[in-house]
Structures are given as structure tokens and as C-alpha cells.
$ cat my_file_16.cif   # mmCIF, C-alpha atoms
data_data
loop_
_atom_site.group_PDB
_atom_site.id
_atom_site.type_symbol
_atom_site.label_atom_id
_atom_site.label_comp_id
_atom_site.auth_asym_id
_atom_site.auth_seq_id
_atom_site.Cartn_x
_atom_site.Cartn_y
_atom_site.Cartn_z
ATOM 1 C CA MET A 1 9.002 45.087 -47.609
ATOM 2 C CA ALA A 2 6.726 42.358 -48.920
ATOM 3 C CA ILE A 3 4.125 40.648 -46.761
ATOM 4 C CA LEU A 4 5.436 37.214 -47.735
ATOM 5 C CA SER A 5 9.094 36.570 -48.430
ATOM 6 C CA SER A 6 10.168 34.992 -51.677
ATOM 7 C CA LEU A 7 11.290 31.810 -49.931
ATOM 8 C CA THR A 8 7.897 31.508 -48.228
ATOM 9 C CA LEU A 9 6.204 31.872 -51.609
ATOM 10 C CA ILE A 10 8.477 29.220 -53.145
ATOM 11 C CA ARG A 11 7.768 26.836 -50.268
ATOM 12 C CA THR A 12 4.021 27.456 -50.625
ATOM 13 C CA LEU A 13 4.180 26.828 -54.365
ATOM 14 C CA SER A 14 6.180 23.656 -53.729
ATOM 15 C CA LEU A 15 3.524 22.405 -51.328
ATOM 16 C CA ALA A 16 0.860 23.196 -53.934
ATOM 17 C CA HIS A 17 2.860 21.103 -56.411
ATOM 18 C CA LEU A 18 2.947 18.232 -53.896
ATOM 19 C CA ILE A 19 -0.820 18.433 -53.456
ATOM 20 C CA ALA A 20 -1.323 18.462 -57.226
ATOM 21 C CA ALA A 21 1.045 15.482 -57.542
ATOM 22 C CA TYR A 22 -1.054 13.574 -55.023
ATOM 23 C CA TYR A 23 -4.253 14.291 -56.937
ATOM 24 C CA PHE A 24 -2.663 13.392 -60.276
ATOM 25 C CA LEU A 25 -1.672 10.061 -58.742
ATOM 26 C CA VAL A 26 -4.921 9.250 -56.949
ATOM 27 C CA ALA A 27 -7.733 11.117 -58.743
ATOM 28 C CA PRO A 28 -6.628 13.194 -61.753
ATOM 29 C CA ARG A 29 -10.220 14.135 -62.579
ATOM 30 C CA VAL A 30 -10.269 16.344 -59.459
ATOM 31 C CA VAL A 31 -7.518 18.471 -61.016
ATOM 32 C CA ALA A 32 -9.052 18.524 -64.489
ATOM 33 C CA ASP A 33 -12.510 19.501 -63.168
ATOM 34 C CA ASN A 34 -11.209 22.294 -60.939
ATOM 35 C CA ASN A 35 -13.195 25.535 -61.221
ATOM 36 C CA ILE A 36 -10.122 27.681 -61.926
ATOM 37 C CA ILE A 37 -9.055 25.422 -64.774
ATOM 38 C CA PHE A 38 -12.578 25.357 -66.158
ATOM 39 C CA MET A 39 -12.985 29.154 -65.979
ATOM 40 C CA LEU A 40 -9.580 29.923 -67.534
ATOM 41 C CA GLY A 41 -10.170 27.304 -70.220
ATOM 42 C CA GLU A 42 -13.590 28.646 -71.094
ATOM 43 C CA SER A 43 -12.427 32.259 -71.116
ATOM 44 C CA MET A 44 -9.618 31.386 -73.534
ATOM 45 C CA GLN A 45 -11.817 29.003 -75.548
ATOM 46 C CA MET A 46 -9.583 26.029 -74.841
ATOM 47 C CA GLN A 47 -10.582 22.383 -75.079
ATOM 48 C CA HIS A 48 -10.878 20.503 -71.807
ATOM 49 C CA PRO A 49 -8.775 17.374 -71.225
ATOM 50 C CA THR A 50 -10.783 14.206 -71.640
ATOM 51 C CA SER A 51 -8.172 11.590 -70.811
ATOM 52 C CA LEU A 52 -8.047 12.296 -67.058
ATOM 53 C CA ASP A 53 -11.199 10.455 -66.004
ATOM 54 C CA GLU A 54 -9.147 7.913 -64.062
ATOM 55 C CA SER A 55 -5.529 7.327 -63.135
ATOM 56 C CA SER A 56 -3.245 6.306 -65.961
ATOM 57 C CA ASP A 57 0.436 5.889 -66.701
ATOM 58 C CA ALA A 58 0.623 9.476 -67.942
ATOM 59 C CA SER A 59 -1.040 10.959 -64.858
ATOM 60 C CA ALA A 60 1.265 8.916 -62.610
ATOM 61 C CA PHE A 61 4.280 10.233 -64.519
ATOM 62 C CA ILE A 62 2.987 13.811 -64.136
ATOM 63 C CA ALA A 63 2.615 13.160 -60.393
ATOM 64 C CA VAL A 64 6.210 11.934 -60.151
ATOM 65 C CA LEU A 65 7.513 14.965 -62.065
ATOM 66 C CA LEU A 66 5.537 17.424 -59.926
ATOM 67 C CA ALA A 67 6.695 15.720 -56.724
ATOM 68 C CA PHE A 68 10.319 15.765 -57.931
ATOM 69 C CA ILE A 69 10.153 19.464 -58.820
ATOM 70 C CA SER A 70 8.491 20.202 -55.481
ATOM 71 C CA VAL A 71 11.084 18.386 -53.397
ATOM 72 C CA THR A 72 14.029 19.938 -55.248
ATOM 73 C CA ASP A 73 12.500 23.407 -54.895
ATOM 74 C CA LEU A 74 11.950 22.861 -51.184
ATOM 75 C CA ALA A 75 15.558 21.744 -50.792
ATOM 76 C CA ALA A 76 16.794 24.776 -52.721
ATOM 77 C CA THR A 77 14.996 27.153 -50.358
ATOM 78 C CA LEU A 78 17.125 26.039 -47.441
ATOM 79 C CA PRO A 79 19.935 28.522 -46.818
ATOM 80 C CA THR A 80 23.338 27.022 -47.356
ATOM 81 C CA ALA A 81 25.663 26.770 -44.390
ATOM 82 C CA THR A 82 28.544 29.189 -44.706
ATOM 83 C CA ILE A 83 31.074 30.769 -42.408
ATOM 84 C CA ASN A 84 29.398 34.179 -42.565
ATOM 85 C CA PRO A 85 25.764 34.101 -41.365
ATOM 86 C CA GLY A 86 24.339 36.364 -44.101
ATOM 87 C CA ASP A 87 26.054 34.575 -46.976
ATOM 88 C CA GLY A 88 23.646 31.606 -46.944
ATOM 89 C CA GLU A 89 20.659 33.822 -47.606
ATOM 90 C CA HIS A 90 22.628 35.689 -50.257
ATOM 91 C CA ALA A 91 23.580 32.465 -52.063
ATOM 92 C CA THR A 92 20.002 31.180 -51.917
ATOM 93 C CA ARG A 93 18.630 34.482 -53.233
ATOM 94 C CA GLU A 94 21.168 34.585 -56.066
ATOM 95 C CA TYR A 95 20.345 30.984 -57.018
ATOM 96 C CA TRP A 96 16.654 31.826 -57.286
ATOM 97 C CA LEU A 97 17.356 35.083 -59.108
ATOM 98 C CA ALA A 98 19.172 33.024 -61.747
ATOM 99 C CA ASN A 99 16.590 30.225 -61.802
ATOM 100 C CA VAL A 100 13.281 32.117 -61.857
ATOM 101 C CA PRO A 101 13.792 34.000 -65.171
ATOM 102 C CA ILE A 102 14.539 30.693 -66.898
ATOM 103 C CA ARG A 103 11.353 29.181 -65.504
ATOM 104 C CA LEU A 104 9.364 32.246 -66.493
ATOM 105 C CA THR A 105 10.730 32.133 -70.041
ATOM 106 C CA PHE A 106 9.874 28.453 -70.402
ATOM 107 C CA LEU A 107 6.395 28.879 -68.917
ATOM 108 C CA PHE A 108 5.684 31.950 -71.040
ATOM 109 C CA ALA A 109 6.728 30.049 -74.194
ATOM 110 C CA LEU A 110 4.590 27.043 -73.222
ATOM 111 C CA THR A 111 1.522 29.112 -72.390
ATOM 112 C CA GLY A 112 1.950 31.255 -75.481
ATOM 113 C CA TYR A 113 2.281 28.157 -77.660
ATOM 114 C CA VAL A 114 -0.837 26.590 -76.181
ATOM 115 C CA TYR A 115 -2.875 29.748 -76.708
ATOM 116 C CA LEU A 116 -1.577 30.834 -80.113
ATOM 117 C CA PHE A 117 -1.604 27.392 -81.753
ATOM 118 C CA LYS A 118 -4.961 26.174 -80.419
ATOM 119 C CA GLU A 119 -7.705 25.231 -82.849
ATOM 120 C CA GLY A 120 -8.955 28.491 -84.302
ATOM 121 C CA GLY A 121 -6.109 30.397 -82.651
ATOM 122 C CA MET A 122 -4.040 33.142 -84.242
ATOM 123 C CA LEU A 123 -1.364 30.746 -85.535
ATOM 124 C CA GLY A 124 -3.300 27.506 -85.217
ATOM 125 C CA VAL A 125 -5.256 25.382 -87.611
ATOM 126 C CA PRO A 126 -8.600 26.902 -88.622
ATOM 127 C CA GLU A 127 -11.608 25.260 -87.008
ATOM 128 C CA GLY A 128 -12.868 22.266 -88.941
ATOM 129 C CA LEU A 129 -9.479 21.188 -90.365
ATOM 130 C CA VAL A 130 -8.230 19.580 -87.155
ATOM 131 C CA GLU A 131 -8.971 16.036 -88.297
ATOM 132 C CA SER A 132 -6.769 16.345 -91.364
ATOM 133 C CA ILE A 133 -3.762 18.080 -89.752
ATOM 134 C CA VAL A 134 -2.321 16.666 -86.549
ATOM 135 C CA GLY A 135 0.783 18.204 -85.006
ATOM 136 C CA PRO A 136 3.081 16.840 -82.315
ATOM 137 C CA GLY A 137 2.003 19.449 -79.758
ATOM 138 C CA ASP A 138 -1.735 19.114 -80.234
ATOM 139 C CA ASN A 139 -2.136 17.209 -76.965
ATOM 140 C CA LEU A 140 -0.752 20.230 -75.098
ATOM 141 C CA GLN A 141 -3.499 22.519 -76.305
ATOM 142 C CA ASN A 142 -6.031 22.135 -73.519
ATOM 143 C CA SER A 143 -7.302 24.113 -70.559
ATOM 144 C CA LEU A 144 -5.233 22.159 -68.013
ATOM 145 C CA VAL A 145 -1.871 22.959 -69.626
ATOM 146 C CA PHE A 146 -2.866 26.569 -70.269
ATOM 147 C CA SER A 147 -4.113 27.082 -66.702
ATOM 148 C CA PHE A 148 -1.003 25.455 -65.223
ATOM 149 C CA GLY A 149 1.258 27.714 -67.286
ATOM 150 C CA PHE A 150 -0.793 30.835 -66.578
ATOM 151 C CA LEU A 151 -0.952 30.287 -62.811
ATOM 152 C CA GLU A 152 2.727 29.339 -62.656
ATOM 153 C CA ILE A 153 3.669 32.521 -64.530
ATOM 154 C CA ALA A 154 1.679 34.590 -62.041
ATOM 155 C CA ALA A 155 3.249 32.857 -59.044
ATOM 156 C CA TRP A 156 6.818 32.924 -60.346
ATOM 157 C CA PHE A 157 6.522 36.575 -61.396
ATOM 158 C CA TRP A 158 5.394 37.436 -57.862
ATOM 159 C CA ILE A 159 8.375 35.496 -56.509
ATOM 160 C CA PHE A 160 10.714 37.259 -58.940
ATOM 161 C CA THR A 161 9.560 40.724 -57.898
ATOM 162 C CA ASN A 162 9.955 39.779 -54.232
ATOM 163 C CA LEU A 163 13.452 38.448 -54.887
ATOM 164 C CA ARG A 164 14.481 41.692 -56.568
ATOM 165 C CA ASP A 165 13.041 43.751 -53.700
ATOM 166 C CA GLU A 166 14.833 41.597 -51.139
ATOM 167 C CA ARG A 167 18.115 41.935 -53.012
ATOM 168 C CA ARG A 168 17.709 45.700 -53.221
ATOM 169 C CA GLU A 169 16.989 45.866 -49.486
ATOM 170 C CA ALA A 170 19.985 43.636 -48.691
ATOM 171 C CA VAL A 171 22.289 45.819 -50.803
ATOM 172 C CA ALA A 172 20.979 48.980 -49.131
ATOM 173 C CA LYS A 173 21.478 47.385 -45.710
ATOM 174 C CA ARG A 174 25.028 46.336 -46.621
ATOM 175 C CA VAL A 175 25.845 49.828 -47.932
ATOM 176 C CA GLN A 176 24.487 51.359 -44.715
ATOM 177 C CA GLN A 177 26.535 48.896 -42.666
ATOM 178 C CA MET A 178 29.716 49.701 -44.605
ATOM 179 C CA LYS A 179 29.026 53.414 -44.248
ATOM 180 C CA SER A 180 28.588 53.110 -40.464
ATOM 181 C CA GLU A 181 31.808 51.052 -40.201
ATOM 182 C CA GLU A 182 33.646 53.703 -42.220
ATOM 183 C CA ASP A 183 32.279 56.475 -40.003
ATOM 184 C CA SER A 184 33.313 54.629 -36.840
ATOM 185 C CA LEU A 185 36.926 54.457 -38.044
#

$ encode --input "my_file_16.cif" --output "C-alpha cells"
Amino acid sequence: MAILSSLTLIRTLSLAHLIAAYYFLVAPRVVADNNIIFMLGESMQMQHPTSLDESSDASAFIAVLLAFISVTDLAATLPTATINPGDGEHATREYWLANVPIRLTFLFALTGYVYLFKEGGMLGVPEGLVESIVGPGDNLQNSLVFSFGFLEIAAWFWIFTNLRDERREAVAKRVQQMKSEEDSL
């Protein structure tokens, strides 16, 4: 049994997204200058974002997207009302078990792209040739995007393992319940 349930972790992550959305709207530099982002960026030799000194159209759009994702995730953590009391939790768990691997795949691809294709990276442009070759995803290759992807992967993987444990426990409980009903007949 986990200390925190998967739904509690999802709600906590959603609230963190709401807080980040607020800061992207009001003061995006607070997010860009965060110690975690700086440390992860420096350890991976990533460039730091320079366009987040003050609020802009792009940072406001990021805030809206984060708030939208947060609210929809919070709504999806509510158990659905069904006739059988345990079915709502089952439906919610199955929804997240289908959703989380897709998120993890996307985040892993994004984070891998940012790291592998950075300037001087394994598949990126060698250092010094950046001015002559500009790709469409070059603006993604910074410490903020990498840190977001890395921390999201860690959080969603923790949620995924909790979801699988909860499903295993629910199946074992259901099997035990069916076995006791069969014995009572």
C-alpha cells in the first residue's frame, strides 16, 4: 500500500500546474529562475531561457494551457457516479491507467528530443554551427522545457506505479470477496 494514493498524487500535480500557470501569467521569470530548473539545466548543459524576463503573449498562452490541463485533470480524478459503489473508483483508475502511459510516452519523447538535439548534443548541431543551421524545434532546447519534461516524467511514473499497485490490490480484494461468497454458498 502506497503512502499517497494515485488520485492524491494527480490532484497534487494538478495544483502544482495551477501554481505554475499563475506564475507564467504574472511573473514568468520566477519559473525560469527556479533553482531546480537552473540545477537540472546546468547538469545537462542546457541553455537557459532568455525570453521570460517579463510577461508576454507566449507566457500567457502557456499559463492558459497549464490551467486547462490542471482543471481537466482535477475533474478526471473525481469518481464517476455509478449504481455500484466500487465501480466509480474502478472506472477512474482504468481511465488513468490508459491515459498515463500516453503522457509518459509524449513526455519521454519531448525530453529525449530536447536533450539529444541540443547544441553539442549526441544528435544535435556541433557547437559553433548554430548560427548557420536553425531548426523548427530549436526554441524547445532549453533548461525550462527539459526540467518540465524530466519532473513530469518522474511524477507521472510514480503515479503509474501507484495505479498498478492499486489495481492489483483491488483485483486481489475482489478475488477474495468472490472466494468468500463462494464458500458461504

$ resolve_selection --input "my_file_16.cif" --expression "the PyMOL selection byres ((chain A and resi 41) around 12)" --output "ChimeraX atom specification"
/A:32-40,42-49,114-115,118,141-150

$ residues_near_point --input "my_file_16.cif" --point "(6.6, 21.3, -57.4)" --cutoff "6 Å" --atoms "only C-alpha atoms" --output "JSON, numbers by chain"
{"A": [14, 17, 18, 66, 67, 69, 70]}

$ resolve_selection --input "my_file_16.cif" --expression "the PyMOL selection byres ((chain A and resi 164) around 12)" --output "list in words"
Met1, Ala2, Ser5, Ser6, His90, Arg93, Glu94, Trp96, Leu97, Ala98, Val100, Pro101, Phe157, Trp158, Ile159, Phe160, Thr161, Asn162, Leu163, Asp165, Glu166, Arg167, Arg168, Glu169, Ala170 and Val171 of chain A

$ closest_residue --input "my_file_16.cif" --among "A:Met178, A:Leu185, A:Leu7, A:Val31" --to "A:Leu78" --atoms "all atoms listed in the file"
A:Leu7

$ atom_distance --input "my_file_16.cif" --atom1 "atom CA of A:Pro79" --atom2 "atom CA of A:Lys173"
19.0 Å

$ atom_distance --input "my_file_16.cif" --atom1 "atom CA of A:Ala63" --atom2 "atom CA of A:Glu152"
16.3 Å

$ atom_distance --input "my_file_16.cif" --atom1 "atom CA of A:Asp53" --atom2 "atom CA of A:Ala27"
8.1 Å

$ closest_residue --input "my_file_16.cif" --among "A:Asp138, A:Asp73, A:Asp57, A:Glu119" --to "A:Asn99" --atoms "all atoms listed in the file"
A:Asp73

$ closest_residue --input "my_file_16.cif" --among "A:Leu74, A:Ile19, A:Ile153, A:Leu25" --to "A:Ile102" --atoms "only C-alpha atoms"
A:Ile153

$ build_atoms --input "my_file_16.cif" --residues "stretch 92-103 of chain A" --atoms "all heavy atoms" --output "compact mmCIF listing (two decimals), in the coordinates of the input"
# COMPACT_ATOMS: atom_id res chain seq x y z
N THR A 92 21.33 31.70 -51.57
CA THR A 92 20.00 31.18 -51.92
C THR A 92 19.25 32.17 -52.80
O THR A 92 18.65 31.79 -53.81
CB THR A 92 19.19 30.90 -50.64
OG1 THR A 92 19.92 29.98 -49.82
CG2 THR A 92 17.83 30.33 -50.97
N ARG A 93 19.31 33.45 -52.45
CA ARG A 93 18.63 34.48 -53.23
C ARG A 93 19.22 34.57 -54.64
O ARG A 93 18.50 34.65 -55.62
CB ARG A 93 18.72 35.83 -52.52
CG ARG A 93 17.93 36.91 -53.19
CD ARG A 93 17.89 38.22 -52.43
NE ARG A 93 19.10 38.58 -51.74
CZ ARG A 93 19.27 38.54 -50.42
NH1 ARG A 93 18.30 38.11 -49.65
NH2 ARG A 93 20.41 38.90 -49.87
N GLU A 94 20.53 34.51 -54.75
CA GLU A 94 21.17 34.58 -56.07
C GLU A 94 20.84 33.35 -56.91
O GLU A 94 20.68 33.46 -58.13
CB GLU A 94 22.68 34.76 -55.94
CG GLU A 94 23.09 36.10 -55.36
CD GLU A 94 22.55 37.28 -56.16
OE1 GLU A 94 22.60 37.25 -57.41
OE2 GLU A 94 22.05 38.23 -55.53
N TYR A 95 20.75 32.19 -56.29
CA TYR A 95 20.34 30.98 -57.02
C TYR A 95 18.96 31.18 -57.61
O TYR A 95 18.73 30.89 -58.80
CB TYR A 95 20.35 29.77 -56.08
CG TYR A 95 19.65 28.57 -56.69
CD1 TYR A 95 20.27 27.78 -57.65
CD2 TYR A 95 18.34 28.25 -56.33
CE1 TYR A 95 19.61 26.70 -58.22
CE2 TYR A 95 17.68 27.17 -56.89
CZ TYR A 95 18.32 26.41 -57.84
OH TYR A 95 17.67 25.34 -58.41
N TRP A 96 18.01 31.66 -56.79
CA TRP A 96 16.65 31.83 -57.29
C TRP A 96 16.55 32.96 -58.28
O TRP A 96 15.73 32.90 -59.20
CB TRP A 96 15.68 32.00 -56.12
CG TRP A 96 15.41 30.68 -55.46
CD1 TRP A 96 15.85 30.28 -54.24
CD2 TRP A 96 14.69 29.59 -56.01
NE1 TRP A 96 15.43 29.00 -54.00
CE2 TRP A 96 14.72 28.55 -55.07
CE3 TRP A 96 14.02 29.37 -57.20
CZ2 TRP A 96 14.10 27.33 -55.27
CZ3 TRP A 96 13.41 28.15 -57.42
CH2 TRP A 96 13.45 27.15 -56.46
N LEU A 97 17.36 34.00 -58.12
CA LEU A 97 17.36 35.08 -59.11
C LEU A 97 17.87 34.61 -60.46
O LEU A 97 17.51 35.17 -61.50
CB LEU A 97 18.18 36.27 -58.61
CG LEU A 97 17.45 37.21 -57.68
CD1 LEU A 97 18.42 38.18 -57.03
CD2 LEU A 97 16.36 37.96 -58.42
N ALA A 98 18.71 33.60 -60.48
CA ALA A 98 19.17 33.02 -61.75
C ALA A 98 18.18 32.00 -62.29
O ALA A 98 18.03 31.84 -63.50
CB ALA A 98 20.53 32.37 -61.55
N ASN A 99 17.49 31.31 -61.41
CA ASN A 99 16.59 30.22 -61.80
C ASN A 99 15.22 30.71 -62.27
O ASN A 99 14.67 30.21 -63.25
CB ASN A 99 16.42 29.28 -60.60
CG ASN A 99 15.79 27.97 -60.96
OD1 ASN A 99 15.07 27.86 -61.93
ND2 ASN A 99 16.06 26.96 -60.15
N VAL A 100 14.65 31.69 -61.58
CA VAL A 100 13.28 32.12 -61.86
C VAL A 100 13.11 32.69 -63.27
O VAL A 100 12.12 32.35 -63.94
CB VAL A 100 12.79 33.10 -60.76
CG1 VAL A 100 11.46 33.71 -61.13
CG2 VAL A 100 12.68 32.37 -59.44
N PRO A 101 14.00 33.52 -63.79
CA PRO A 101 13.79 34.00 -65.17
C PRO A 101 13.77 32.88 -66.21
O PRO A 101 13.04 32.95 -67.19
CB PRO A 101 14.97 34.94 -65.41
CG PRO A 101 15.37 35.40 -64.06
CD PRO A 101 15.11 34.24 -63.15
N ILE A 102 14.55 31.83 -65.98
CA ILE A 102 14.54 30.69 -66.90
C ILE A 102 13.19 29.99 -66.84
O ILE A 102 12.60 29.65 -67.87
CB ILE A 102 15.70 29.73 -66.57
CG1 ILE A 102 17.03 30.42 -66.82
CG2 ILE A 102 15.59 28.44 -67.38
CD1 ILE A 102 18.22 29.69 -66.27
N ARG A 103 12.67 29.79 -65.64
CA ARG A 103 11.35 29.18 -65.50
C ARG A 103 10.28 30.04 -66.15
O ARG A 103 9.39 29.54 -66.83
CB ARG A 103 11.01 28.97 -64.03
CG ARG A 103 11.80 27.86 -63.40
CD ARG A 103 11.36 27.66 -61.98
NE ARG A 103 12.25 26.73 -61.31
CZ ARG A 103 11.85 25.81 -60.47
NH1 ARG A 103 10.58 25.71 -60.16
NH2 ARG A 103 12.72 25.00 -59.91
